[in-house]
file target-v1.txt (compact mmCIF, C-alpha atoms and all ligand atoms)
# COMPACT_ATOMS: atom_id res chain seq x y z
CA MET A 1 159.69 112.05 105.09
CA LYS A 2 158.65 110.60 101.74
CA ARG A 3 158.15 107.21 103.35
CA ALA A 4 155.95 108.72 106.10
CA LEU A 5 153.80 110.39 103.46
CA LEU A 6 153.47 107.13 101.54
CA CYS A 7 152.44 105.32 104.71
CA ALA A 8 149.83 107.95 105.46
CA VAL A 9 148.40 107.73 101.94
CA LEU A 10 148.36 103.94 102.16
CA LEU A 11 146.55 104.10 105.49
CA ILE A 12 143.90 106.39 104.08
CA ILE A 13 143.39 104.11 101.07
CA LEU A 14 143.18 101.01 103.28
CA SER A 15 140.67 102.57 105.66
CA GLY A 16 138.61 103.65 102.65
CA CYS A 17 138.49 100.00 101.59
CA GLY A 18 137.16 98.93 105.00
CA GLN A 19 133.94 96.96 105.35
CA ALA A 20 130.72 98.78 104.52
CA GLU A 21 128.82 100.02 107.55
CA PRO A 22 125.36 98.63 108.31
CA HIS A 23 122.33 100.94 108.15
CA SER A 24 119.01 99.66 109.49
CA VAL A 25 115.42 100.73 109.75
CA THR A 26 112.48 99.09 111.51
CA LEU A 27 108.95 99.68 110.27
CA PHE A 28 105.47 98.27 110.65
CA ALA A 29 103.71 97.23 107.44
CA MET A 30 101.49 94.39 106.20
CA ASP A 31 100.47 93.82 109.81
CA THR A 32 103.98 92.87 110.87
CA VAL A 33 107.31 94.28 112.03
CA MET A 34 109.92 94.62 109.28
CA GLU A 35 113.62 95.30 109.53
CA LEU A 36 115.75 96.35 106.58
CA THR A 37 119.55 96.36 106.83
CA VAL A 38 121.76 97.54 104.03
CA TYR A 39 125.55 97.74 104.12
CA GLY A 40 127.11 100.87 102.68
CA GLU A 41 124.31 102.75 100.96
CA GLY A 42 122.19 103.90 103.92
CA SER A 43 120.51 106.53 101.78
CA LEU A 44 118.63 103.74 99.95
CA LEU A 45 116.55 102.93 103.03
CA ASP A 46 114.07 105.76 102.38
CA GLU A 47 113.41 104.44 98.88
CA ALA A 48 113.13 100.87 100.22
CA GLN A 49 110.54 101.98 102.78
CA ALA A 50 108.65 103.80 100.05
CA ILE A 51 108.50 100.59 97.97
CA ILE A 52 106.96 98.74 100.90
CA ALA A 53 104.50 101.53 101.76
CA GLU A 54 103.41 101.80 98.13
CA GLY A 55 103.03 98.01 97.89
CA GLU A 56 100.90 97.89 101.01
CA GLN A 57 98.65 100.73 99.82
CA ARG A 58 98.18 99.05 96.47
CA LEU A 59 97.85 95.40 97.52
CA SER A 60 96.57 95.09 101.08
CA VAL A 61 93.10 93.61 101.25
CA THR A 62 92.35 95.65 104.38
CA GLU A 63 93.39 99.02 102.88
CA SER A 64 90.07 100.26 101.50
CA GLY A 65 91.88 102.32 98.87
CA SER A 66 94.00 99.44 97.55
CA GLU A 67 93.58 97.99 94.07
CA ILE A 68 92.78 94.61 95.60
CA ALA A 69 90.11 96.01 97.94
CA ALA A 70 88.57 97.88 95.00
CA LEU A 71 88.61 94.72 92.87
CA ASN A 72 86.93 92.76 95.69
CA ARG A 73 84.29 95.48 96.10
CA GLU A 74 83.54 96.09 92.43
CA GLY A 75 84.04 92.59 91.03
CA ALA A 76 85.88 94.08 88.05
CA ASN A 77 88.30 96.97 88.07
CA PRO A 78 91.27 98.53 86.30
CA ILE A 79 94.63 97.41 87.71
CA SER A 80 98.11 98.88 87.41
CA PRO A 81 100.79 97.02 85.41
CA LYS A 82 102.61 96.09 88.65
CA THR A 83 99.48 94.55 90.18
CA GLU A 84 98.69 92.80 86.92
CA GLU A 85 102.13 91.20 86.87
CA LEU A 86 101.78 90.04 90.48
CA LEU A 87 98.28 88.64 89.92
CA ARG A 88 99.44 86.73 86.84
CA GLN A 89 102.41 85.23 88.69
CA ALA A 90 100.28 84.40 91.73
CA GLN A 91 97.65 82.71 89.60
CA ALA A 92 100.38 80.63 87.92
CA LEU A 93 101.72 79.56 91.33
CA CYS A 94 98.19 78.57 92.44
CA GLU A 95 98.01 76.40 89.33
CA GLN A 96 101.46 74.90 89.90
CA THR A 97 100.55 73.94 93.48
CA GLY A 98 97.33 72.29 92.35
CA GLY A 99 95.27 74.86 94.26
CA ALA A 100 96.93 74.32 97.67
CA LEU A 101 97.74 77.99 97.24
CA ASP A 102 94.56 79.84 96.28
CA ILE A 103 94.61 83.64 96.30
CA SER A 104 90.80 83.69 96.13
CA ILE A 105 90.63 82.29 99.68
CA TYR A 106 89.57 85.65 101.14
CA PRO A 107 85.84 84.95 101.75
CA VAL A 108 86.89 82.01 103.96
CA VAL A 109 89.78 83.83 105.69
CA ARG A 110 87.34 86.65 106.48
CA ALA A 111 84.72 84.27 107.88
CA TRP A 112 87.31 83.04 110.42
CA GLY A 113 88.05 86.66 111.37
CA PHE A 114 91.74 86.48 110.50
CA THR A 115 91.88 89.87 108.84
CA THR A 116 89.88 91.78 111.46
CA GLY A 117 91.06 89.93 114.57
CA GLU A 118 87.40 89.21 115.44
CA TYR A 119 87.98 85.48 115.50
CA ARG A 120 85.17 82.96 115.23
CA VAL A 121 84.62 79.38 114.08
CA PRO A 122 82.27 79.39 111.07
CA GLY A 123 79.63 76.66 110.96
CA ASP A 124 79.65 73.81 108.43
CA GLU A 125 76.85 75.34 106.41
CA GLU A 126 78.50 78.72 106.27
CA LEU A 127 81.76 77.17 105.01
CA ALA A 128 79.90 75.02 102.48
CA GLY A 129 78.34 78.22 101.16
CA LEU A 130 81.70 80.00 100.90
CA LEU A 131 83.83 77.24 99.35
CA PRO A 132 82.32 77.51 95.85
CA LEU A 133 83.56 81.12 95.78
CA VAL A 134 87.16 79.92 96.15
CA ASP A 135 88.64 79.19 92.74
CA TYR A 136 91.69 81.07 91.47
CA GLN A 137 90.92 79.86 87.93
CA LYS A 138 87.93 82.18 87.83
CA LEU A 139 90.12 85.25 88.23
CA GLN A 140 90.24 86.89 84.82
CA ILE A 141 93.22 89.08 84.02
CA LYS A 142 93.16 91.17 80.88
CA GLU A 143 95.51 93.97 79.97
CA GLY A 144 95.02 96.63 82.65
CA ARG A 145 91.94 95.00 84.11
CA ALA A 146 90.93 92.15 86.44
CA ALA A 147 87.53 90.58 86.96
CA LEU A 148 86.13 88.15 89.54
CA SER A 149 83.12 85.89 89.44
CA SER A 150 80.22 86.81 91.72
CA GLY A 151 81.12 86.83 95.44
CA MET A 152 84.77 86.00 94.78
CA GLN A 153 87.49 87.91 96.69
CA ILE A 154 91.28 88.03 96.41
CA ASP A 155 93.81 88.04 99.27
CA LEU A 156 97.51 88.35 98.41
CA GLY A 157 98.63 87.91 102.03
CA SER A 158 100.42 84.69 101.15
CA VAL A 159 102.76 86.26 98.58
CA ALA A 160 102.84 90.05 98.98
CA LYS A 161 105.70 90.25 101.47
CA GLY A 162 107.93 88.07 99.28
CA TRP A 163 107.05 90.21 96.29
CA MET A 164 107.94 93.40 98.16
CA GLY A 165 111.22 91.89 99.34
CA ASP A 166 112.13 91.11 95.73
CA LYS A 167 111.41 94.72 94.71
CA VAL A 168 113.55 96.12 97.54
CA LEU A 169 116.44 93.80 96.69
CA GLU A 170 116.11 94.76 93.02
CA LEU A 171 116.61 98.39 94.03
CA PHE A 172 119.63 97.49 96.18
CA ARG A 173 121.23 95.36 93.45
CA GLN A 174 120.74 98.02 90.79
CA SER A 175 122.38 100.51 93.15
CA GLY A 176 125.45 98.34 93.50
CA VAL A 177 124.80 97.06 97.03
CA LYS A 178 126.71 93.87 97.80
CA SER A 179 125.27 93.03 101.25
CA ALA A 180 121.77 93.47 102.64
CA LEU A 181 119.36 91.59 104.86
CA LEU A 182 115.59 92.03 104.96
CA ASN A 183 113.36 90.58 107.64
CA LEU A 184 109.78 91.15 106.60
CA GLY A 185 108.01 89.47 109.52
CA GLY A 186 109.29 85.93 109.07
CA ASN A 187 110.32 86.40 105.44
CA VAL A 188 114.09 86.76 105.43
CA GLN A 189 115.77 87.81 102.20
CA ALA A 190 119.54 88.05 101.98
CA LEU A 191 121.45 89.86 99.27
CA GLY A 192 124.97 88.58 98.64
CA THR A 193 127.13 87.64 101.58
CA LYS A 194 127.93 89.42 104.81
CA PRO A 195 130.42 92.24 104.13
CA ASP A 196 133.29 90.01 105.30
CA GLY A 197 132.38 87.46 102.61
CA SER A 198 130.87 84.88 104.95
CA SER A 199 127.35 83.41 104.70
CA TRP A 200 124.34 84.84 106.48
CA ARG A 201 123.00 82.78 109.36
CA VAL A 202 119.21 82.75 109.35
CA ALA A 203 117.44 81.21 112.33
CA VAL A 204 114.26 79.14 111.98
CA ARG A 205 111.78 79.64 114.82
CA ASP A 206 110.77 76.82 117.11
CA PRO A 207 107.11 76.52 116.08
CA ALA A 208 106.07 74.97 119.38
CA GLY A 209 108.10 76.93 121.89
CA GLU A 210 110.25 79.94 122.53
CA GLY A 211 113.45 80.51 120.61
CA TYR A 212 114.79 78.70 117.58
CA ALA A 213 114.71 75.19 116.16
CA GLY A 214 117.64 75.60 113.80
CA ALA A 215 119.76 77.84 111.64
CA LEU A 216 120.55 78.02 107.94
CA GLU A 217 123.75 79.32 106.36
CA VAL A 218 122.83 81.05 103.11
CA THR A 219 124.08 83.56 100.56
CA ASP A 220 121.82 85.44 98.17
CA LYS A 221 118.69 83.53 99.16
CA ALA A 222 115.17 84.05 100.44
CA VAL A 223 114.24 82.04 103.54
CA VAL A 224 110.49 82.14 104.10
CA THR A 225 108.55 80.35 106.81
CA SER A 226 104.85 79.59 107.12
CA GLY A 227 103.47 78.08 110.30
CA GLY A 228 100.27 77.79 112.22
CA TYR A 229 101.99 79.42 115.21
CA GLN A 230 102.31 82.76 113.38
CA ARG A 231 98.62 83.68 113.73
CA TYR A 232 95.98 81.69 115.57
CA PHE A 233 93.24 81.73 118.17
CA GLU A 234 91.87 79.18 120.60
CA GLU A 235 88.28 78.26 121.17
CA GLY A 236 86.86 75.32 123.12
CA GLY A 237 90.35 73.91 123.66
CA GLN A 238 91.05 73.85 119.91
CA VAL A 239 93.67 75.91 118.12
CA TYR A 240 92.66 77.47 114.81
CA HIS A 241 95.39 79.03 112.66
CA HIS A 242 95.42 81.29 109.61
CA ILE A 243 96.59 78.96 106.84
CA ILE A 244 93.45 77.57 105.26
CA ASP A 245 93.13 74.40 103.22
CA PRO A 246 91.14 75.59 100.19
CA ALA A 247 89.66 72.08 99.89
CA THR A 248 87.95 72.24 103.30
CA GLY A 249 87.81 75.92 104.23
CA ARG A 250 89.39 75.00 107.58
CA PRO A 251 92.90 75.54 108.96
CA ALA A 252 95.22 73.07 107.20
CA ARG A 253 95.89 70.14 109.48
CA SER A 254 98.84 67.77 109.19
CA GLU A 255 101.88 66.72 111.19
CA LEU A 256 103.67 69.87 109.99
CA LEU A 257 104.13 72.74 112.44
CA SER A 258 106.08 74.91 110.00
CA VAL A 259 107.53 74.92 106.50
CA THR A 260 110.57 76.99 105.55
CA ILE A 261 111.38 77.46 101.87
CA VAL A 262 114.85 78.48 100.68
CA GLY A 263 115.19 79.80 97.14
CA ASP A 264 116.28 82.59 94.84
CA ASN A 265 113.04 84.52 94.74
CA GLY A 266 111.04 85.90 97.68
CA PHE A 267 107.66 85.77 95.94
CA THR A 268 107.98 82.09 95.00
CA CYS A 269 109.32 81.08 98.41
CA ASP A 270 106.46 82.96 100.10
CA GLY A 271 103.78 81.29 97.99
CA LEU A 272 105.38 77.87 98.30
CA SER A 273 105.77 78.05 102.08
CA THR A 274 102.02 78.61 102.40
CA ALA A 275 101.17 75.96 99.77
CA LEU A 276 103.47 73.24 101.12
CA PHE A 277 102.16 73.81 104.64
CA VAL A 278 98.67 73.16 103.26
CA MET A 279 99.84 70.02 101.39
CA GLY A 280 101.33 68.29 104.42
CA LEU A 281 104.68 66.50 104.42
CA GLU A 282 104.07 63.67 101.97
CA LYS A 283 102.54 65.77 99.19
CA ALA A 284 105.04 68.57 99.85
CA ALA A 285 107.95 66.12 99.40
CA ASP A 286 106.38 64.88 96.14
CA PHE A 287 105.98 68.48 95.00
CA TRP A 288 109.64 69.21 95.72
CA ARG A 289 110.77 66.10 93.81
CA ALA A 290 108.55 66.91 90.84
CA ASN A 291 109.34 70.65 90.64
CA GLY A 292 112.66 71.35 92.36
CA GLY A 293 114.15 74.84 92.18
CA PHE A 294 113.98 75.33 95.95
CA GLU A 295 114.93 73.66 99.23
CA ALA A 296 112.81 73.19 102.35
CA VAL A 297 112.87 72.58 106.10
CA PHE A 298 109.77 70.85 107.45
CA LEU A 299 109.31 70.84 111.22
CA THR A 300 106.99 68.40 112.97
CA GLY A 301 106.50 68.24 116.73
CA ASP A 302 109.47 65.95 117.17
CA SER A 303 111.73 66.09 114.13
CA ALA A 304 113.11 68.10 111.24
CA ILE A 305 112.89 66.93 107.64
CA ILE A 306 115.13 68.76 105.17
CA THR A 307 115.70 68.53 101.43
CA GLU A 308 119.13 67.34 100.35
CA GLY A 309 120.41 70.74 99.19
CA LEU A 310 120.34 71.92 102.82
CA ALA A 311 122.22 68.96 104.26
CA ASP A 312 125.42 71.00 104.68
CA CYS A 313 123.91 74.29 105.75
CA PHE A 314 121.20 73.44 108.29
CA THR A 315 121.89 72.81 111.97
CA THR A 316 119.33 72.16 114.67
CA MET A 317 119.33 74.06 117.94
CA GLY A 318 117.26 74.70 121.07
CA ASN A 319 114.56 72.07 121.68
CA TYR A 320 115.36 70.50 118.31
CA ALA A 321 119.09 70.12 119.01
CA ASN A 322 118.89 66.41 119.77
CA ARG A 323 115.95 65.54 117.59
CA GLU A 324 116.01 63.44 114.47
CA VAL A 325 116.88 65.14 111.17
CA THR A 326 115.76 63.29 108.04
CA VAL A 327 117.17 64.26 104.64
CA LEU A 328 114.87 63.94 101.62
CA HIS A 329 116.51 62.92 98.35
CA HIS A 330 115.46 63.53 94.78
CA ASP A 331 114.97 59.89 93.79
P1 LIG A 401 101.73 83.04 104.85
O1 LIG A 401 101.91 83.69 106.17
O2 LIG A 401 102.63 83.57 103.77
O3 LIG A 401 101.76 81.55 104.91
O4 LIG A 401 100.29 83.45 104.31
C1 LIG A 401 99.16 83.22 105.08
C2 LIG A 401 98.11 84.23 104.71
O5 LIG A 401 97.65 83.98 103.38
C3 LIG A 401 96.86 84.13 105.59
O6 LIG A 401 96.92 85.06 106.65
C4 LIG A 401 95.74 84.43 104.63
O7 LIG A 401 95.57 85.82 104.49
C5 LIG A 401 96.25 83.87 103.32
N1 LIG A 401 95.95 82.44 103.12
C6 LIG A 401 95.57 81.50 104.02
N2 LIG A 401 95.46 80.28 103.45
C7 LIG A 401 95.79 80.45 102.14
C8 LIG A 401 95.87 79.57 101.02
N3 LIG A 401 95.62 78.26 101.10
N4 LIG A 401 96.24 80.13 99.82
C9 LIG A 401 96.53 81.44 99.70
N5 LIG A 401 96.46 82.30 100.72
C10 LIG A 401 96.11 81.82 101.93
MG MG A 402 103.50 82.70 102.14

call {"tool": "encode", "arguments": {"input": "target-v1.txt", "output": "structure tokens", "more": "lines below"}}
Ligand code: AMP
Ligand code: MG
result
Amino acid sequence: MKRALLCAVLLIILSGCGQAEPHSVTLFAMDTVMELTVYGEGSLLDEAQAIIAEGEQRLSVTESGSEIAALNREGANPISPKTEELLRQAQALCEQTGGALDISIYPVVRAWGFTTGEYRVPGDEELAGLLPLVDYQKLQIKEGRAALSSGMQIDLGSVAKGWMGDKVLELFRQSGVKSALLNLGGNVQALGTKPDGSSWRVAVRDPAGEGYAGALEVTDKAVVTSGGYQRYFEEGGQVYHHIIDPATGRPARSELLSVTIVGDNGFTCDGLSTALFVMGLEKAADFWRANGGFEAVFLTGDSAIITEGLADCFTTMGNYANREVTVLHHD
């Protein structure tokens, strides 16, 4: 009898130690579908959604009530401490990337119709008139206040999703969550490992076709992809995508079809994926060698180029399964 009781107690304890259950929510924000999955603490999903909704209302350039829209309209405006912190970090990343990332690109992005969906190809003269407005260095940030030079406009579309992902994961971590996976429209951010202790498997889209080009095994990492295929239009047989080279005001053109950045921080990975796509492969590889702190997968039309830290955790698949994989080394 005693033994039966002991067994029953043991069973209850063991089942209580079972793997945490997944809880998921799908939402639409920042013009994209997002999926948040947390293991164990399902009640945190409401708070996570609130972080994203608040971020969108505060940062989105197309939300007329946002701090960024107000700054663009007024030229100078008070900003909240959270927005100030983000603007300072974004400006520093623009500097670090030598202006390949430029958060003051909005006048040009708007001219191409990428925010409204009313796509058009701006003329040479129009672009020449807009380019002098693009210069992140002219953004002035003072305590509680930001100011732009005349005609300048900010767009945080290249970094906002990564920033929000970081804030959601901060909440999860502080609440003791050990496993969570965020997919914020191409920005994947993984907390910890899967509940069984194994790595997360994050697929990288095939930028030229359906399905996937490869998969990455990661723990506790952000995996963020930028590619021309994510938003584009066609006119006169030409494809024009949404990642603009601040030097020309035109969609960045190189052999790269997509850039995936793997690192500890969603904001940095988000900014770098956009910037390294603009740079093209050669400059992006130089940037990685000079700065480090992240890993990358570069996809061209016929091969994959990966940085050495991913050599053991990246596998090709789909149309890329039999294509060449080149590993970049630090020296
Ligand atoms: P992502 O999808 O993170 O690569 O960010 C692309 C978005 O950032 C675009 O839709 C634009 O709103 C904006 N953008 C485009 N080109 C740049 C650039 N060179 N620097 C900063 N933001 C950009
Ligand atoms: Mg980005």

call {"tool": "residues_around", "arguments": {"input": "target-v1.txt", "residues": "His242 in chain A", "least_positions_apart": "6", "cutoff": "7 Å", "atoms": "all atoms listed in the file", "output": "list in words"}}
result
Phe114, Gly228, Arg231, Tyr232 and Pro251 of chain A

call {"tool": "residues_near_ligand", "arguments": {"input": "target-v1.txt", "ligand": "ligand LIG 401 (chain A)", "cutoff": "9 Å", "atoms": "all atoms listed in the file", "output": "ChimeraX atom specification"}}
result
/A:61,94,99-106,108-110,114-115,154-162,186-187,224-228,230-231,241-247,249,251-252,259,269-275,277-278

call {"tool": "atom_distance", "arguments": {"input": "target-v1.txt", "atom1": "CA of Val25 in chain A", "atom2": "CA of Lys167 in chain A"}}
result
16.7 Å

call {"tool": "closest_residue", "arguments": {"input": "target-v1.txt", "among": "A:Asp166, A:Gly113, A:Arg173, A:Leu87", "to": "Gln137 in chain A", "atoms": "only C-alpha atoms"}}
result
A:Leu87

call {"tool": "residues_around", "arguments": {"input": "target-v1.txt", "residues": "range 319-331 of chain A", "least_positions_apart": "4", "cutoff": "8 Å", "atoms": "only C-alpha atoms", "output": "list in words"}}
result
Asp206, Tyr212, Ala213, Gly214, Ala285, Arg289, Asp302, Ser303, Ala304, Ile305, Ile306, Thr307, Glu308 and Ala311 of chain A

call {"tool": "atom_distance", "arguments": {"input": "target-v1.txt", "atom1": "CA of Phe294 in chain A", "atom2": "CA of Ile261 in chain A"}}
result
6.8 Å

call {"tool": "atom_distance", "arguments": {"input": "target-v1.txt", "atom1": "CA of Ile51 in chain A", "atom2": "CA of Ala215 in chain A"}}
result
28.8 Å

call {"tool": "closest_residue", "arguments": {"input": "target-v1.txt", "among": "A:Arg253, A:Glu84, A:Leu171, A:Thr248", "to": "Glu125 in chain A", "atoms": "only C-alpha atoms"}}
result
A:Thr248

call {"tool": "closest_residue", "arguments": {"input": "target-v1.txt", "among": "A:Ala203, A:Leu36, A:Leu59, A:Leu257", "to": "Cys313 in chain A", "atoms": "all atoms listed in the file"}}
result
A:Ala203

call {"tool": "closest_residue", "arguments": {"input": "target-v1.txt", "among": "A:Leu276, A:Val33, A:Leu133, A:Ala128", "to": "ligand MG 402 (chain A)", "atoms": "only C-alpha atoms and all ligand atoms"}}
result
A:Leu276

call {"tool": "axis_aligned_box", "arguments": {"input": "target-v1.txt", "around": "range 292-305 of chain A", "padding_each_side": "5 Å", "output": "AutoDock Vina command-line options"}}
result
--center_x 110.7 --center_y 70.6 --center_z 104.7 --size_x 18.4 --size_y 19.4 --size_z 35.0

call {"tool": "closest_residue", "arguments": {"input": "target-v1.txt", "among": "A:Lys178, A:Leu86, A:Leu256, A:Gly266", "to": "ligand MG 402 (chain A)", "atoms": "all atoms listed in the file"}}
result
A:Gly266

call {"tool": "closest_residue", "arguments": {"input": "target-v1.txt", "among": "A:Ser198, A:Ala222, A:Leu139, A:Arg120", "to": "ligand MG 402 (chain A)", "atoms": "all atoms listed in the file"}}
result
A:Ala222

call {"tool": "residues_around", "arguments": {"input": "target-v1.txt", "residues": "Glu235 in chain A", "least_positions_apart": "4", "cutoff": "10 Å", "atoms": "only C-alpha atoms", "output": "PyMOL selection string"}}
result
chain A and resi 119-121+239-240

call {"tool": "residues_around", "arguments": {"input": "target-v1.txt", "residues": "Lys142 in chain A", "least_positions_apart": "2", "cutoff": "12 Å", "atoms": "all atoms listed in the file", "output": "CSV table (one decimal) with C-alpha atoms, in the coordinates of the input"}}
result
chain,number,residue,atom,x,y,z
A,76,ALA,CA,85.9,94.1,88.0
A,77,ASN,CA,88.3,97.0,88.1
A,78,PRO,CA,91.3,98.5,86.3
A,79,ILE,CA,94.6,97.4,87.7
A,80,SER,CA,98.1,98.9,87.4
A,81,PRO,CA,100.8,97.0,85.4
A,83,THR,CA,99.5,94.6,90.2
A,84,GLU,CA,98.7,92.8,86.9
A,85,GLU,CA,102.1,91.2,86.9
A,87,LEU,CA,98.3,88.6,89.9
A,88,ARG,CA,99.4,86.7,86.8
A,139,LEU,CA,90.1,85.2,88.2
A,140,GLN,CA,90.2,86.9,84.8
A,144,GLY,CA,95.0,96.6,82.6
A,145,ARG,CA,91.9,95.0,84.1
A,146,ALA,CA,90.9,92.2,86.4
A,147,ALA,CA,87.5,90.6,87.0
A,148,LEU,CA,86.1,88.2,89.5

call {"tool": "residues_around", "arguments": {"input": "target-v1.txt", "residues": "Glu35 in chain A", "least_positions_apart": "3", "cutoff": "7 Å", "atoms": "all atoms listed in the file", "output": "count of residues only"}}
result
7
